[in-house]
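Here's the structure, in C-alpha cells; my notes come after.
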Amino acid sequence: MFENFDPLSISDTTLPDESVVLKRTKRSIHSILHSYVGWFDPFAELIQNAMDAVDKRGTDDGEAKRIRIIINEEKNQITVSDNGVGLSESAFLKFLAPHESFKEKGERGSKGVGATFLAYGFNYIRIDTKTKHFNASGEMEGARSWLHNDNASSNPEVYPTGDPYIDADFHEFSSGVSITLKLDETTKPSRLSWPGLKNAEVWFVSLSVKTALGAVSEAPDVEVYICHVNPSGVVTEHVAKRCEYLPPHAHVQKVVDYDKVVKTIEENVKKNGAAAKLPVKIRNLDAVSIKWDSASIIEKIDGLDPDDAQFCKDHSVSIIASLMSGAKVWKRLAENKFRYRPTAKIYEPGIQLAADNMPQGDMLQIPLVRYTGRQNQVHIVIHFKDCVVDLGRKGFDKSFTDFAKKVSRLLLEKNFTRIRDCLRNEDNKQKSLIKGDKVDGWKKALEQHEENSPLLLKNPNFFIPINEISISSEPSREQDVIALFNQLVAGGVVRGIKVVGTNEMSTYDGAYRVRVGADYGSHVFDPVSNPLGITEEHSSDYEDEYPEGFVSTKLKVLEYKFTLDGLISDLTTGDKQASDIDLVIAWEAGDDYVQLFELNSLLIDEGCSDREYHGVTHTLSDEHGNHVMDVILLRDLIGFLNAPDEEGRRQEMYEIG
C-alpha cells in the first residue's frame, strides 16, 4: 500500500506561493490537453506506453510479450494492460506529473505529456502496476472537472484501491501495468460507440491504423488481445500475434506489388510490342502496393534532387503506399467491409506521417495541380527516424512535411502514371447494375411520354422580327443557364439537339436526342456563317447513311450546371455517374474540372473536326485520354460568336491547364 498523493506536488515546490505554482501547473496541463485533438489519442497514448514497456522487458525470461486491450462500450471505459517492466514506486508517484518522463531515446514518445493527458483529460483513471519489488493499485477521480474549476478546493489525488483488477487477466502477469480510463460527456472523446466499430476484429484493424499497434518500420512480435463489449453487453474477442500497419490494400482482393507490375509491363512490351494488351495478372487490379526503404525511394522516384536524397538517407525514410483503383474505395471500406461511421475516417486518402515506428498526426493532402482526383486514390505512409514530434504527437518540422509532400506528389505524377492502366477504372466509366437500371427506367418513361404527348410548334414568324434572344443579362445561376440554352436551341444557334424532357425529381436533369439533317448543309461548319458546325466529312457520313435526315434513336442524358464545379461535386460524392452523362450545359468551366478531367476546346482552329454534332464547344476526357462527355459552355459559345479571334485565343488557357 501507499499513502495517497497529489501528482502535481512532484512537479515544482521551489516557489513559496502555492497558488502561483498551481496556476502555472494548470496552464501547463491545459496546453498539453489542447495538443490532443484526435479521437484515438487516448488509445494511442495507452498503447504506445504498453509497447515501450514490453519492448523494455524483452523476452529473456522466456515469457512472450503481451498487450491486452478492453474496449467496454457498455461502461464507456478503456483498459490497456501489458506484461512489461511495470512502474517502480518512484515512477508510480511521478509519472502522471507534467513533463516527467522515464523513457529513453528510441522509445515511443519521451516528452512526458502523454500520462498527464491520460490523468487530467478524464475524470477517472485507474493504474495497476507490478514489479519484483513494488505492487500497487490506485485511482484518481474528477481531474478533468478540477482542471476547469478555478474555485476547486483541493487538487485531485491518487488513492489506493483494493478493488479487483478491471482486467481480470492482469493477475497472470508477473510484472506490468494496467490502466483504465472512463469517458463521460466532458471528455474528448466522450463516447466509445461514436466510430461505430462493431466488434473486436474491426477495433484491431482501426487501432492498427491509428496507434502504435500499426508498427510502420519494424513489426514486433507482440501478442495482442482485444476484447470488445458492445452497449448491450455482447462480447467479441480478437487475438493477433504481430503488430504491423494495415494499409488499405490489405483489404481488397486483387493486389500486386508495384515492382512486379512494372517488370511485367516491361517484359510484355519487349515480347509483344507497345500496343499489346496488358497480361491478365496485372489487369483490372484493385490496388498496387509499395513498400520501399530509403535506397528504393532514391532509386525509383524520379525528380528527387541531391538534398532530397541526403535527407532520405539521414532519416532512413521508408514508404508504405496503396495505389487504389478509385476514390470510392474509402466509402466501401467504411460502409461495406467494416461498417464503421464514414466520418470516423479510419481509412482515407492522403499522406500519413510516422515516427517512432508508429503513425502520428493527421493525414496531409497530396499537393497535385493537375488531375487532383488522383490524390483521392492513394494512401501513403512515410516514416522518419531521428525525428522529434511536438506535443500530442501532431506536428512535424516543416522540412519533414515538405519532403513528404514532394515525394508523394512525384510518386503520383511519375510512378502512378506508369501503372494506372492496370487499375480498374471504376470512378468515371463504370456504373452499378442497380443505378444503370434506374437510369434506363427513367429513359423508357421519357420515351413513352414523348410518344403519348408530342409537342410541335412550327411558325415561320418565330424569332421575327428582332432576330435576337430575349434574355438581356448574363446567367447568374443554373436556372438562367437552362433558359438561355433553350432559347439558343429554339433560335437555331445550336442545331444539333432535340430536348425530350427534364425532371427535377430524377437523378439527372434531362434527356435529348441528336438531330442532324435533313438540311445537312445547315449543320456544316463555315468560319463566318456557321462556326459551330460539323465538318463536311461528318455531314457526308450522316447523309450517306440517312439521306432523309437523322435523329438518334437512343436517348442521351443531359445535365445543366452553372459551372462544371457542380458536376465535379456530384461525381466525387457519388450522386451521379460520369458514364451516364452525355452532355453538360454550363455557363463557364470553373476550376474543379482538373480534379478528374481534361477540358478540350473545340473552338480553336480545326476544333470542329472533333465535334460530332452541331453546337458542342468542348469535350471532357479522362486522364487516359478517353472521351467522357460533351460540353457546351455558353459563355465561351457567345464569346466565340461575337469575337471569334479573341475568344479563340482565350481558349488556349484550357490547353495550358
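We label chains A, B, ... in the order they appear in the C-alpha cells, count residues from 1 in each chain, and number ligands from 1 in the order shown.
The shell of residues at most 8 Å from segment 189-205 of chain A, with only C-alpha atoms counted and near chain neighbours (fewer than 6 positions) removed, consists of A:Trp39, A:Phe40, A:Ile71, A:Asn72, A:Glu73, A:Asn76, A:Gln77, A:Leu183, A:Ile226, A:Cys227, A:His228, A:Val229, A:Asn230, A:Pro231, A:Thr236, A:Glu237, A:His238, A:Leu246, A:Phe338, A:Arg339, A:Tyr340, A:Arg341, A:Thr343, A:Ala344.
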**OP:** Show which residues sit within 12 Å of Glu267 of chain A, as a VMD selection string. Count only C-alpha atoms, and ignore same-chain residues fewer than 6 positions away.
**Re:** chain A and resid 260 to 261 273 to 274 276 278 to 279
Go ahead and save the residues from that selection, with C-alpha atoms, as a tab-separated table (two decimals), in the first residue's frame.
```
chain	number	residue	atom	x	y	z
A	260	LYS	CA	6.24	-6.70	-60.12
A	261	VAL	CA	3.71	-4.68	-62.14
A	273	GLY	CA	5.14	-4.58	-78.54
A	274	ALA	CA	3.97	-1.32	-77.01
A	276	ALA	CA	-0.10	-5.17	-76.72
A	278	LEU	CA	-1.88	-5.97	-70.57
A	279	PRO	CA	-1.49	-9.50	-69.22
```
Residues near Ile78 of chain A, cut-off 6 Å, only C-alpha atoms, skip fewer than 2 positions along chain, as a tab-separated table (two decimals) with N, CA and C atoms, in the first residue's frame:
```
chain	number	residue	atom	x	y	z
A	70	ILE	N	-9.10	-3.73	-23.68
A	70	ILE	CA	-10.53	-3.97	-23.44
A	70	ILE	C	-11.29	-2.68	-23.73
A	71	ILE	N	-12.16	-2.73	-24.73
A	71	ILE	CA	-13.00	-1.58	-25.07
A	71	ILE	C	-14.41	-1.92	-24.62
A	180	THR	N	-6.85	2.04	-16.78
A	180	THR	CA	-8.25	2.17	-17.21
A	180	THR	C	-8.67	3.62	-17.20
A	181	LEU	N	-9.34	4.03	-18.28
A	181	LEU	CA	-9.92	5.37	-18.37
A	181	LEU	C	-11.42	5.23	-18.53
```
**OP:** Take atom CA of Pro160 of chain A and atom CA of Ala50 of chain A and report the distance between them in Å, one decimal.
**Re:**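 So the answer is 21.8 Å.
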Subject >> atom CA of Lys300 of chain A to atom CA of Arg418 of chain A, distance in Å rounded to a single decimal >> reply: 11.9 Å
**OP:** Would you please extract all helix (DSSP H, G or I) residues from segment 170-235 of chain A, as assigned by DSSP on the backbone, and give them as a ChimeraX atom specification?
**Re:** /A:170-172,200-210
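Atom pair atom CA of Phe311 of chain A / atom CA of Cys387 of chain A: separated by 11.6 Å.
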**OP:** Extract, using only C-alpha atoms, all DNA, RNA and protein residues at most 9 Å from Ile166 of chain A, discarding same-chain residues fewer than 3 positions from it, and format them as a PyMOL selection string.
**Re:** chain A and resi 79+126+163+169-170+178-180
Store the residues picked out above in a file with all heavy atoms, as a CSV table (one decimal), in the first residue's frame.
```csv
chain,number,residue,atom,x,y,z
A,79,THR,N,-9.5,-0.1,-21.1
A,79,THR,CA,-8.4,-0.7,-20.3
A,79,THR,C,-7.3,-1.2,-21.2
A,79,THR,O,-7.6,-2.0,-22.2
A,79,THR,CB,-8.9,-1.8,-19.4
A,79,THR,OG1,-10.0,-1.3,-18.6
A,79,THR,CG2,-7.8,-2.4,-18.5
A,126,ARG,N,-7.5,4.6,-13.5
A,126,ARG,CA,-7.0,3.6,-12.5
A,126,ARG,C,-5.7,3.1,-13.0
A,126,ARG,O,-5.6,2.8,-14.2
A,126,ARG,CB,-8.0,2.5,-12.3
A,126,ARG,CG,-7.4,1.3,-11.5
A,126,ARG,CD,-8.4,0.3,-11.0
A,126,ARG,NE,-7.7,-0.8,-10.4
A,126,ARG,CZ,-8.2,-1.7,-9.6
A,126,ARG,NH1,-9.5,-1.6,-9.2
A,126,ARG,NH2,-7.5,-2.7,-9.2
A,163,ASP,N,-10.0,-2.8,-4.9
A,163,ASP,CA,-11.0,-3.5,-5.7
A,163,ASP,C,-10.2,-4.4,-6.7
A,163,ASP,O,-9.1,-4.2,-7.1
A,163,ASP,CB,-11.7,-2.4,-6.5
A,163,ASP,CG,-12.7,-1.6,-5.6
A,163,ASP,OD1,-12.9,-2.0,-4.5
A,163,ASP,OD2,-13.1,-0.5,-6.1
A,169,ASP,N,-7.5,-10.7,-16.1
A,169,ASP,CA,-6.3,-11.5,-16.5
A,169,ASP,C,-5.0,-10.8,-16.2
A,169,ASP,O,-3.9,-11.4,-16.4
A,169,ASP,CB,-6.3,-11.8,-18.0
A,169,ASP,CG,-7.4,-12.9,-18.4
A,169,ASP,OD1,-8.2,-13.2,-17.5
A,169,ASP,OD2,-7.3,-13.4,-19.5
A,170,PHE,N,-5.0,-9.6,-15.7
A,170,PHE,CA,-3.8,-9.0,-15.2
A,170,PHE,C,-3.1,-9.7,-14.1
A,170,PHE,O,-2.0,-9.6,-13.8
A,170,PHE,CB,-4.0,-7.5,-14.8
A,170,PHE,CG,-2.8,-6.7,-14.5
A,170,PHE,CD1,-1.9,-6.5,-15.5
A,170,PHE,CD2,-2.6,-6.1,-13.3
A,170,PHE,CE1,-0.7,-5.7,-15.3
A,170,PHE,CE2,-1.5,-5.4,-13.0
A,170,PHE,CZ,-0.5,-5.2,-14.0
A,178,SER,N,-1.5,-1.9,-15.9
A,178,SER,CA,-2.8,-1.9,-16.5
A,178,SER,C,-3.5,-0.5,-16.1
A,178,SER,O,-3.5,-0.1,-15.0
A,178,SER,CB,-3.7,-3.0,-15.9
A,178,SER,OG,-5.0,-3.0,-16.4
A,179,ILE,N,-3.9,0.2,-17.1
A,179,ILE,CA,-4.5,1.5,-17.0
A,179,ILE,C,-5.9,1.5,-17.5
A,179,ILE,O,-6.2,1.0,-18.6
A,179,ILE,CB,-3.7,2.6,-17.6
A,179,ILE,CG1,-2.3,2.7,-17.0
A,179,ILE,CG2,-4.4,3.9,-17.5
A,179,ILE,CD1,-1.4,3.7,-17.6
A,180,THR,N,-6.9,2.0,-16.8
A,180,THR,CA,-8.2,2.2,-17.2
A,180,THR,C,-8.7,3.6,-17.2
A,180,THR,O,-8.4,4.4,-16.2
A,180,THR,CB,-9.2,1.4,-16.3
A,180,THR,OG1,-8.9,0.0,-16.4
A,180,THR,CG2,-10.6,1.6,-16.7
```
Original post:
Within 8 Å of Ala586 of chain A, counting only C-alpha atoms, which residues qualify if same-chain residues fewer than 4 places away don't, as a list of chain:residue names?
Top reply: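 With the cut-off at 8 Å, the set is A:Glu478, A:Val481, A:Tyr560, A:Lys561, A:Phe562, A:Thr563, A:Leu564, A:Val631, A:Ile632, A:Leu633, A:Leu634.
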Subject >> Contacts of Met324 of chain A at 12 Å (only C-alpha atoms; same-chain gap of 2+ positions) as an MDAnalysis selection string >> reply: chainID A and resid 247:256 258 284:290 321:322 326:330 333 347:350 373:380 412 416 419:427
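Residue nearest Glu536 of chain A within the list A:Gly521, A:Gly549, A:Gly176, A:Pro98: A:Gly521 [criterion: smallest interatomic distance, only C-alpha atoms].
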